[in-house]
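Below is one structure, written out as structure tokens; the observations come after it.
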Amino acid sequence: MIKEFEKRSVLYIVPTPIGNLEDITLRALRVLKECDLVACEDTRKSLKLLSHFGISKPLISFHSYNERYKVEYVVNKLLNGNNVALVSDAGMPCISDPGYTLIKLVIKKYRKDVKVEVLPGASAVVTALVGSGLPIDGFIFCGFLKRKSTKIRKELSELLNLKKTIIFYESPHRIIKTVTVCKDVFGKNAEICLAREITKKFEEFMRGSIEEILENIKNKNSLLGEFVVLIYPEVK
């Protein structure tokens with residue numbers, strides 16, 4: 001007799017490389033080959049990835065702007081016995097990427113019919129943390145900060161006394177403004193690391209005091225690639 005849980009379809013959460021295609025896992029490739037449907041943040045980018053590994057699967061877009069109404073479509077596919085792989089453009093889905101709404105709904109309402117299976121894999125947050133040289137015994141990940149300087153200041157000020165490494169993402173055209181706010185909040189001598197182009201040809205880790213790194217990026221001709229910013233508050 002087949003047990004009930006063995007009949008469930010599976011929602012696979014599949015990390016993809018954050019730059020270097022060699023970082024995809026054998027398990028991720030097997031799941032992508034065996035699943036019935038791939039829900040992806042950008043179908044064009046996912047198609048390039050799948051094609052590189054010789055995989056052909058039906059794709060549907062599943063991004064931050066359509067997640068709410070695409071959830072129903074994906075759930076219906078799962079309830080009809082299809083196995084679905086959820087991927088983002090790079091790294092682990094849900095980490096500042098779409099997927100949380102779908103996973104929460106499946107776990108809360110459909111766990112008798114659908115299993116959620118998360119595959120380990122590439123993550124810019126963890127990779128940057130380990131390579132930063134900052135304390136790793138505790139950290140706070142903030143995703144993307146607010147856009148206005150006053151709101152960034154308020155958000156970071158609330159973390160000032162936690163004595164943990166603070167991590168967030170920032171775009172290249174906002175990085176100087178944000179690091180300037182960080183200097184005001186944490187002090188010029190607080191340790192900071194800026195990581196960009198992680199796992200790619202021009203990977204760079206900039207480590208030092210906030211004052212040193214701020215001068216460094218101000219003097220650069222160009223700042224390309226999304227940044228992972230890591231700060232350890234100055235000990236008063």
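Chain labels follow the order of the structure tokens: the first chain is A, the next B, and so on; residue numbering restarts at 1 in every chain, and ligands are counted from 1 in their shown order.
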
May I have the residues within 10 Å of Glu226 in chain A as number ranges by chain, using only C-alpha atoms and disregarding those fewer than 5 positions away in the same chain?
A: 169-173, 175, 194-198

Give me a file of those residues, with N, CA and C atoms, as an mmCIF file, in the first residue's frame.
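Result file follows (result-v6.cif):
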```cif
data_model
loop_
_atom_site.group_PDB
_atom_site.id
_atom_site.type_symbol
_atom_site.label_atom_id
_atom_site.label_comp_id
_atom_site.auth_asym_id
_atom_site.auth_seq_id
_atom_site.Cartn_x
_atom_site.Cartn_y
_atom_site.Cartn_z
ATOM 1 N N TYR A 169 21.917 44.166 0.518
ATOM 2 C CA TYR A 169 22.248 44.344 -0.902
ATOM 3 C C TYR A 169 22.138 45.823 -1.275
ATOM 4 N N GLU A 170 22.929 46.229 -2.245
ATOM 5 C CA GLU A 170 22.816 47.585 -2.754
ATOM 6 C C GLU A 170 23.209 47.634 -4.228
ATOM 7 N N SER A 171 22.574 48.536 -4.965
ATOM 8 C CA SER A 171 22.855 48.684 -6.392
ATOM 9 C C SER A 171 24.076 49.575 -6.592
ATOM 10 N N PRO A 172 24.762 49.450 -7.728
ATOM 11 C CA PRO A 172 25.987 50.247 -7.949
ATOM 12 C C PRO A 172 25.755 51.752 -7.983
ATOM 13 N N HIS A 173 24.595 52.195 -8.480
ATOM 14 C CA HIS A 173 24.379 53.639 -8.579
ATOM 15 C C HIS A 173 23.974 54.270 -7.243
ATOM 16 N N ILE A 175 25.466 52.961 -4.195
ATOM 17 C CA ILE A 175 26.388 52.457 -3.180
ATOM 18 C C ILE A 175 27.133 53.574 -2.453
ATOM 19 N N LEU A 194 32.708 45.330 1.058
ATOM 20 C CA LEU A 194 31.848 45.397 -0.112
ATOM 21 C C LEU A 194 32.256 44.271 -1.053
ATOM 22 N N ALA A 195 31.310 43.399 -1.362
ATOM 23 C CA ALA A 195 31.584 42.279 -2.270
ATOM 24 C C ALA A 195 30.748 42.452 -3.526
ATOM 25 N N ARG A 196 31.383 42.299 -4.683
ATOM 26 C CA ARG A 196 30.641 42.431 -5.937
ATOM 27 C C ARG A 196 31.173 41.436 -6.964
ATOM 28 N N GLU A 197 30.362 41.149 -7.959
ATOM 29 C CA GLU A 197 30.728 40.202 -9.024
ATOM 30 C C GLU A 197 31.174 38.860 -8.438
ATOM 31 N N ILE A 198 30.513 38.421 -7.368
ATOM 32 C CA ILE A 198 30.926 37.201 -6.665
ATOM 33 C C ILE A 198 30.855 35.995 -7.601
#
```

Quick one: DSSP helix (DSSP H, G or I) residues in range 23-81 of chain A, as a ChimeraX atom specification?
/A:23,26-34,43-52,67-79

Requested write-out: C-alpha atoms of the selected residues, as a compact mmCIF listing (two decimals), in the first residue's frame:
```
# COMPACT_ATOMS: atom_id res chain seq x y z
CA ASP A 23 28.36 26.24 -9.16
CA LEU A 26 24.24 17.73 -9.78
CA ARG A 27 21.03 17.46 -7.77
CA ALA A 28 19.74 20.76 -9.17
CA LEU A 29 20.40 19.56 -12.72
CA ARG A 30 18.59 16.28 -12.05
CA VAL A 31 15.55 18.06 -10.60
CA LEU A 32 15.40 20.50 -13.52
CA LYS A 33 15.54 17.59 -15.95
CA GLU A 34 12.85 15.58 -14.14
CA THR A 43 12.14 33.17 -18.51
CA ARG A 44 14.84 34.53 -20.83
CA LYS A 45 17.61 34.12 -18.27
CA SER A 46 16.38 30.71 -17.15
CA LEU A 47 16.12 29.55 -20.75
CA LYS A 48 19.79 30.42 -21.28
CA LEU A 49 20.75 28.48 -18.16
CA LEU A 50 18.71 25.41 -19.07
CA SER A 51 19.90 25.47 -22.67
CA HIS A 52 23.52 25.62 -21.49
CA GLU A 67 3.65 36.48 -8.02
CA ARG A 68 0.27 37.05 -6.38
CA TYR A 69 -1.81 35.88 -9.32
CA LYS A 70 0.68 33.26 -10.63
CA VAL A 71 0.58 31.47 -7.27
CA GLU A 72 -2.85 30.04 -8.06
CA TYR A 73 -1.65 28.73 -11.41
CA VAL A 74 1.38 27.00 -9.87
CA VAL A 75 -0.67 25.54 -7.02
CA ASN A 76 -3.19 24.12 -9.49
CA LYS A 77 -0.36 22.47 -11.41
CA LEU A 78 0.94 20.93 -8.19
CA LEU A 79 -2.50 19.71 -7.10
```

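Using only C-alpha atoms, the protein and nucleic acid residues lying no more than 7 Å from Ser88 in chain A, apart from those fewer than 3 places from it along its own chain, are A:Cys40, A:Glu41, A:Gly91, A:Met92, A:Pro93, A:Asp97.
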
Same residues, N, CA and C atoms, saved as a short mmCIF file (atom, residue, chain, number, x, y, z; two decimals), in the first residue's frame:
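This went into selection.cif:
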```cif
data_model
loop_
_atom_site.label_atom_id
_atom_site.label_comp_id
_atom_site.auth_asym_id
_atom_site.auth_seq_id
_atom_site.Cartn_x
_atom_site.Cartn_y
_atom_site.Cartn_z
N CYS A 40 10.04 30.62 -13.13
CA CYS A 40 11.29 31.37 -13.05
C CYS A 40 11.06 32.87 -13.05
N GLU A 41 11.98 33.56 -12.42
CA GLU A 41 11.89 35.01 -12.28
C GLU A 41 11.91 35.70 -13.65
N GLY A 91 21.05 32.51 -7.54
CA GLY A 91 21.06 32.20 -6.12
C GLY A 91 19.81 31.50 -5.64
N MET A 92 19.57 31.60 -4.34
CA MET A 92 18.46 30.92 -3.69
C MET A 92 17.16 31.69 -3.84
N PRO A 93 16.11 31.08 -4.40
CA PRO A 93 14.81 31.76 -4.46
C PRO A 93 14.37 32.22 -3.07
N ASP A 97 14.15 37.68 -3.41
CA ASP A 97 13.59 37.24 -4.69
C ASP A 97 12.21 36.64 -4.45
#
```

Using only C-alpha atoms, which residue out of A:Glu234, A:Thr165, A:Phe62, A:Asn20 lies closest to Ile136 in chain A?
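Checking each of A:Glu234, A:Thr165, A:Phe62, A:Asn20 against Ile136 in chain A, counting only C-alpha atoms, the winner is A:Thr165.
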
Mind pulling up the distance from CA of Phe202 in chain A to CA of Leu224 in chain A?
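Taking CA of Leu224 in chain A and CA of Phe202 in chain A, their separation equals 9.8 Å.
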
What's around Ile152 in chain A at 12 Å? Count only C-alpha atoms, leave out sequence neighbours fewer than 3 positions away in its own chain, and write the answer as an NGL selection string.
:A and (142 or 144-149 or 155-159 or 168 or 170 or 174 or 177-185)

Write a file of the just-selected residues containing C-alpha atoms, as a PDB file, in the first residue's frame.
```pdb
ATOM      1  CA  CYS A 142      18.330  43.015   5.695  1.00  0.00           C
ATOM      2  CA  PHE A 144      17.538  45.728   0.164  1.00  0.00           C
ATOM      3  CA  LEU A 145      17.329  48.812   2.375  1.00  0.00           C
ATOM      4  CA  LYS A 146      14.833  51.640   1.931  1.00  0.00           C
ATOM      5  CA  ARG A 147      15.600  54.087  -0.872  1.00  0.00           C
ATOM      6  CA  LYS A 148      15.634  57.412   0.994  1.00  0.00           C
ATOM      7  CA  SER A 149      18.689  58.342   3.085  1.00  0.00           C
ATOM      8  CA  GLU A 155      16.745  51.244   9.573  1.00  0.00           C
ATOM      9  CA  LEU A 156      20.458  50.887  10.272  1.00  0.00           C
ATOM     10  CA  SER A 157      20.308  52.816  13.559  1.00  0.00           C
ATOM     11  CA  GLU A 158      17.946  50.176  14.917  1.00  0.00           C
ATOM     12  CA  LEU A 159      20.690  47.568  14.377  1.00  0.00           C
ATOM     13  CA  PHE A 168      22.346  43.959   2.884  1.00  0.00           C
ATOM     14  CA  GLU A 170      22.816  47.585  -2.754  1.00  0.00           C
ATOM     15  CA  ARG A 174      23.366  53.969  -4.894  1.00  0.00           C
ATOM     16  CA  LYS A 177      25.246  57.380  -0.941  1.00  0.00           C
ATOM     17  CA  THR A 178      24.469  54.335   1.192  1.00  0.00           C
ATOM     18  CA  VAL A 179      28.022  53.872   2.474  1.00  0.00           C
ATOM     19  CA  THR A 180      28.077  57.576   3.354  1.00  0.00           C
ATOM     20  CA  VAL A 181      24.987  57.031   5.522  1.00  0.00           C
ATOM     21  CA  CYS A 182      26.677  53.982   7.046  1.00  0.00           C
ATOM     22  CA  LYS A 183      29.641  56.138   8.031  1.00  0.00           C
ATOM     23  CA  ASP A 184      27.311  58.553   9.841  1.00  0.00           C
ATOM     24  CA  VAL A 185      25.472  55.720  11.625  1.00  0.00           C
TER      25      VAL A 185
END
```
